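Enquirer: This is the structure I want to talk about, given as structure tokens.
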Amino acid sequence: MTGSYFGIWGSAVQVFSEESIRQSMLTAAHINEYEQAKRPSKESSSLSSIRAYKEIALLSERQMEMIREMMDETHRRILGLGILLLIFIGWGSIFLTHKIAGPIFKLGQYLQEVKTGNLTVRIKFRKFDEVHYLAKQFNEMAAALDAAMTKMKRVSNGMPRDASSEELKKELAKFKTTSD
Amino acid sequence: MTLIFLIFIQCFPLYSQGTLSISKEDYLLLKKVQKDSFQYFLTQTDPETGLTKDSSRVGAPASIAATGFALVSFAIAFQNGWLSYREAYQKIARTFDTLEQRAAGEKGFFYHFLNPKTGKRIWASELSSIDTAILIASVLLAASYFRGTDLEVRARRLYDRVDWNWMLNGTLLFSHGWKPERGFLPYQWDMYAEHLILQALAGGSETFPVSGQVWREWKRDTDSYNGKEIVYSYTGSLFTYQYSHAFIDFRNLNDGGINYFDNSKKATLANQEFCVLNEASYRSYQNQIWGLSACLGPDGYKAYGAEPGIGLHDGTVAPYAALSSIVFTPAESMSVIRNVYESYGDRLYGPMGFKDSFNLDRNWWASEYLGIDQGITVMMLENFLNDGAIWKRFMRLPAIQRWIERTQLEPQNNLIPA
């Protein structure tokens, strides 16, 4: 982008350099003289103000052309760079989706599992996925819950059978643990 | 045996030149001028686009007329052994590529000035009728040196796509040109000038032929100078009597009693006599030097010329003017060429032949070479030194044959004696 900027405006500086302007003025004079030579008239050639006016008009037309050329070149480059940028954004979006949004979506699904009582779930992200620390914390949380539920299930199994212990067992049975 | 023959040709070129009757020294000088002038096209043609710069000055745009002359020069260079067949072919093919695909134009016509690097129109130049005609004539001529190749087909295609009728703008006279911003230019080819080549191509076209009336419409104004009756051009510039004649052999064509070859000869002699008449006022014209034609001068490019015509002059002489009239006035032209070469060669002659012009009275010497002036030099010298080689090729083109037939130009023997 920076290179392109300097490329375009570097050529603009060159176009309007002293030497280039001198050559352009000479060319303007020549072209005007060519036109006069094709249809000469003694009156118009003797009027130097008309001649100067025509040369300046030619020169300004040429400068307009050069500016138009530079604008066209700028537009072409901007269009090229824009397309490149779009490709980059598209690729970046897909990349980020896979790297960040994917794992977060997966984490949501695993939390849903935990909500329904499945404490056996453990997250294993792909190597290039971001947010590995979240997976670690989730897995530690799930393991702690799993261990706690397992212990509670074991304690409840040893309790004398009565209505409240049966109720507790029934509630604990809703949780799936690694010891089940 | 062949070797002996070649050595003979090199040593005694005079005897190999048919009707040519000049000394060996003059022949060698003319050959040198032709070869050196050709160098202009080798060095000033863009290697990528094949477009040729208008002048040798830094920053000069490409001109389509100069590009045309370059095409013919490459073919002549091949014929003279200065380029190989392959080199000449490739250079011409490269220019054809640009003309077919990149060069800016409309309806088959091209803009007068193009960016030599891109082929885009520059300097808000006009779609030029005469410059396109010179280019197309050169395209056809250059391709004729490469018989049976695709260059002939491509040349024909470039010619066929030119809508000559459109350039008439509903009249019977060709416009000088057209600009997208302003339409047709308010000037027409309405009297004798260099436009005869435009007339010939337009009249001989198969795709967009103009009617025979167009040929008859422009004025053949005559005026007398030193007892010579001349169909004259407005400026009296020698180039107006030369450009069409570089391609078309007018020696045997009779246009209702006018022979344009003889007319150019008389105009050239008038140009010489005009300079002699004015030699007391201008040092440049002394020592039998003459040659008033459009060229660079101390006050810029001007359509210098002699009478008949407006006869604008200020002592500026263009060596190409006498050089390119050599087919009309061999002895008179040769005298000027040798004189200028020997007297002013150190200031006026360079690696690309004669620089454009000089003016002794103002001690002014051109530092530039102009493409069209080097081009007409190369072509006219080829006609002169090689027994009308260009004329023979060009007159054989079907387009030219059709033009002669349609305009009912009669053979020379029907000419009414003056």
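Labels used: A, B, ... for chains in the order of the structure tokens, numbers from 1 for residues in each chain, and numbers from 1 for ligands as shown.
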For chain B versus chain A, which residues have an atom no more than 6 Å away, and what is each residue's nearest atom pair and distance in Å rounded to one decimal, using only C-alpha atoms, chain-then-number order, as CSV?
Expert:
residue,atom,partner,partner_atom,distance
B:Trp123,CA,A:Arg62,CA,5.0
B:Tyr301,CA,A:Glu33,CA,5.4
B:Lys302,CA,A:Ala37,CA,5.5
B:Ala303,CA,A:Ala37,CA,4.7
Enquirer: As a PyMOL selection string, please: every residue in chain A that a backbone DSSP assignment puts in helix (DSSP H, G or I).
Expert: chain A and resi 2-15+18-38+42-46+48-115+132-157+163-172
Enquirer: Within 8 Å of Pro61 in chain B, counting only C-alpha atoms, which residues qualify if same-chain residues fewer than 3 places away don't, as JSON, numbers by chain?
Expert: {"B": [53, 54, 55, 113, 114, 115, 116, 122]}
Enquirer: Applying 8 Å and only C-alpha atoms, which residues near Thr316 in chain B remain after dropping the ones on its own chain fewer than 3 positions away? List them as a ChimeraX atom specification.
Expert: /B:284,292,297-298,304,313,357-360
Enquirer: Would you save the residues of that selection, restricted to C-alpha atoms, as a PDB file, in the first residue's frame?
Expert:
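New file selection18.pdb:
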ATOM      1  CA  SER B 284      21.348  30.847 -46.090  1.00  0.00           C
ATOM      2  CA  LEU B 292      11.999  25.745 -48.310  1.00  0.00           C
ATOM      3  CA  GLY B 297      13.178  27.283 -37.414  1.00  0.00           C
ATOM      4  CA  PRO B 298      14.526  29.878 -34.994  1.00  0.00           C
ATOM      5  CA  TYR B 304       8.146  27.586 -44.873  1.00  0.00           C
ATOM      6  CA  HIS B 313      10.386  32.291 -45.426  1.00  0.00           C
ATOM      7  CA  SER B 357      17.232  22.707 -40.575  1.00  0.00           C
ATOM      8  CA  PHE B 358      19.482  25.737 -40.232  1.00  0.00           C
ATOM      9  CA  ASN B 359      19.380  29.495 -40.587  1.00  0.00           C
ATOM     10  CA  LEU B 360      22.726  31.168 -41.277  1.00  0.00           C
TER      11      LEU B 360
END
Enquirer: Leaving out range 144-157 of chain A and any residue of its chain fewer than 5 positions from it, which residues lie within 9 Å of it when counting only C-alpha atoms, given as a list in words?
Expert: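 Result of the neighbour search: Asn118, Leu119, Thr120, Asn139, Ser165, Glu166, Leu168, Lys169, Leu172, Ala173, Phe175, Lys176, Thr177, Thr178, Ser179 and Asp180 of chain A.
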Enquirer: Restricting it to N, CA and C atoms, dump the selection as a JSON list (two decimals), in the first residue's frame.
Expert:
[["chain", "number", "residue", "atom", "x", "y", "z"],
["A", 118, "ASN", "N", -24.47, -34.41, 32.32],
["A", 118, "ASN", "CA", -23.37, -35.25, 31.84],
["A", 118, "ASN", "C", -22.04, -34.67, 32.30],
["A", 119, "LEU", "N", -21.45, -35.29, 33.32],
["A", 119, "LEU", "CA", -20.20, -34.77, 33.87],
["A", 119, "LEU", "C", -18.98, -35.52, 33.32],
["A", 120, "THR", "N", -19.23, -36.37, 32.37],
["A", 120, "THR", "CA", -18.11, -37.16, 31.81],
["A", 120, "THR", "C", -17.43, -36.42, 30.64],
["A", 139, "ASN", "N", -12.38, -28.37, 31.65],
["A", 139, "ASN", "CA", -12.11, -29.77, 31.99],
["A", 139, "ASN", "C", -11.85, -29.93, 33.50],
["A", 165, "SER", "N", -33.51, -40.35, 51.64],
["A", 165, "SER", "CA", -32.32, -40.88, 50.95],
["A", 165, "SER", "C", -32.70, -41.36, 49.56],
["A", 166, "GLU", "N", -33.89, -41.86, 49.41],
["A", 166, "GLU", "CA", -34.33, -42.32, 48.08],
["A", 166, "GLU", "C", -34.49, -41.10, 47.13],
["A", 168, "LEU", "N", -32.84, -38.34, 47.44],
["A", 168, "LEU", "CA", -31.49, -37.86, 47.12],
["A", 168, "LEU", "C", -30.88, -38.71, 46.00],
["A", 169, "LYS", "N", -31.00, -40.05, 46.11],
["A", 169, "LYS", "CA", -30.45, -40.97, 45.10],
["A", 169, "LYS", "C", -31.08, -40.69, 43.73],
["A", 172, "LEU", "N", -29.51, -37.58, 42.41],
["A", 172, "LEU", "CA", -28.11, -37.81, 42.02],
["A", 172, "LEU", "C", -28.01, -38.65, 40.76],
["A", 173, "ALA", "N", -28.98, -39.50, 40.55],
["A", 173, "ALA", "CA", -28.96, -40.38, 39.36],
["A", 173, "ALA", "C", -29.09, -39.58, 38.07],
["A", 175, "PHE", "N", -27.29, -37.19, 37.32],
["A", 175, "PHE", "CA", -25.93, -36.85, 36.90],
["A", 175, "PHE", "C", -25.19, -38.09, 36.44],
["A", 176, "LYS", "N", -24.61, -37.97, 35.19],
["A", 176, "LYS", "CA", -23.83, -39.08, 34.64],
["A", 176, "LYS", "C", -22.37, -38.82, 35.00],
["A", 177, "THR", "N", -21.74, -39.74, 35.73],
["A", 177, "THR", "CA", -20.35, -39.53, 36.13],
["A", 177, "THR", "C", -19.49, -40.63, 35.52],
["A", 178, "THR", "N", -18.17, -40.43, 35.59],
["A", 178, "THR", "CA", -17.24, -41.39, 34.97],
["A", 178, "THR", "C", -17.27, -42.75, 35.69],
["A", 179, "SER", "N", -17.75, -42.77, 36.96],
["A", 179, "SER", "CA", -17.79, -44.04, 37.71],
["A", 179, "SER", "C", -19.06, -44.84, 37.40],
["A", 180, "ASP", "N", -20.01, -44.25, 36.68],
["A", 180, "ASP", "CA", -21.28, -44.95, 36.38],
["A", 180, "ASP", "C", -21.04, -46.11, 35.41]]
Enquirer: Per DSSP on the backbone, filter range 134-368 of chain B down to the residues in strand (DSSP E or B) and report them as a PyMOL selection string.
Expert: chain B and resi 175+177-179+183-184+188+191+219+222-225+228-231+253-255+258+294-297+300-303+317+349-350+353-354+358-359+364-365
Enquirer: Need the shell around range 189-203 of chain B: protein/DNA/RNA residues with any atom at most 7 Å away, counting only C-alpha atoms. Skip same-chain ones fewer than 6 positions apart. Format as a short mmCIF file (atom, residue, chain, number, x, y, z; two decimals) with N, CA and C atoms, in the first residue's frame?
Expert:
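What follows is the written file selection-v1.cif:
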data_model
loop_
_atom_site.label_atom_id
_atom_site.label_comp_id
_atom_site.auth_asym_id
_atom_site.auth_seq_id
_atom_site.Cartn_x
_atom_site.Cartn_y
_atom_site.Cartn_z
N ILE B 130 -4.86 12.89 -42.79
CA ILE B 130 -3.65 12.75 -43.62
C ILE B 130 -2.61 11.85 -42.94
N ALA B 133 -3.64 8.36 -43.37
CA ALA B 133 -3.40 7.92 -44.75
C ALA B 133 -1.93 7.54 -44.95
N TRP B 164 -13.46 5.79 -44.71
CA TRP B 164 -13.06 7.03 -45.40
C TRP B 164 -14.25 7.96 -45.60
N LEU B 173 -15.41 16.84 -49.65
CA LEU B 173 -14.02 17.17 -49.30
C LEU B 173 -13.66 16.53 -47.96
N PHE B 174 -12.47 15.98 -47.90
CA PHE B 174 -12.04 15.36 -46.64
C PHE B 174 -11.75 16.43 -45.59
N SER B 175 -12.17 16.13 -44.37
CA SER B 175 -11.84 17.02 -43.26
C SER B 175 -10.39 16.75 -42.85
N HIS B 176 -9.75 17.76 -42.25
CA HIS B 176 -8.39 17.53 -41.73
C HIS B 176 -8.40 16.53 -40.59
N PRO B 209 -15.35 2.78 -50.00
CA PRO B 209 -14.84 3.63 -51.09
C PRO B 209 -15.61 4.95 -51.17
N VAL B 210 -14.88 6.00 -51.49
CA VAL B 210 -15.57 7.29 -51.71
C VAL B 210 -15.87 7.41 -53.20
N SER B 211 -16.83 8.24 -53.53
CA SER B 211 -17.23 8.34 -54.94
C SER B 211 -16.16 9.05 -55.76
N TRP B 215 -12.66 12.91 -55.80
CA TRP B 215 -11.37 13.19 -56.45
C TRP B 215 -11.45 14.47 -57.29
N TRP B 218 -11.79 18.79 -55.20
CA TRP B 218 -10.81 19.78 -54.71
C TRP B 218 -10.24 20.62 -55.85
N LYS B 219 -9.90 21.87 -55.50
CA LYS B 219 -9.49 22.83 -56.53
C LYS B 219 -8.06 22.60 -57.00
N ARG B 220 -7.89 22.67 -58.29
CA ARG B 220 -6.54 22.61 -58.88
C ARG B 220 -6.17 24.04 -59.27
N VAL B 231 0.27 23.83 -60.50
CA VAL B 231 -0.87 23.58 -59.61
C VAL B 231 -0.26 23.65 -58.21
N TYR B 232 -0.55 24.73 -57.50
CA TYR B 232 0.24 25.01 -56.30
C TYR B 232 -0.50 24.70 -55.00
N SER B 233 0.29 24.51 -53.97
CA SER B 233 -0.28 24.33 -52.63
C SER B 233 -0.26 25.68 -51.92
N THR B 240 4.67 19.33 -49.55
CA THR B 240 3.33 19.10 -50.12
C THR B 240 3.43 18.51 -51.53
N TYR B 241 4.59 18.74 -52.18
CA TYR B 241 4.81 18.20 -53.53
C TYR B 241 5.56 16.87 -53.47
N TYR B 243 5.15 14.22 -50.42
CA TYR B 243 4.64 13.10 -49.61
C TYR B 243 3.90 12.04 -50.43
N SER B 244 2.93 12.47 -51.21
CA SER B 244 2.17 11.48 -51.98
C SER B 244 3.07 10.83 -53.02
N ALA B 399 -5.43 -1.83 -54.34
CA ALA B 399 -6.14 -0.61 -53.94
C ALA B 399 -5.78 0.54 -54.88
N ILE B 400 -4.53 0.66 -55.23
CA ILE B 400 -4.09 1.76 -56.10
C ILE B 400 -4.60 1.53 -57.52
N TRP B 403 -8.13 2.60 -57.53
CA TRP B 403 -8.25 4.08 -57.49
C TRP B 403 -8.03 4.66 -58.89
#
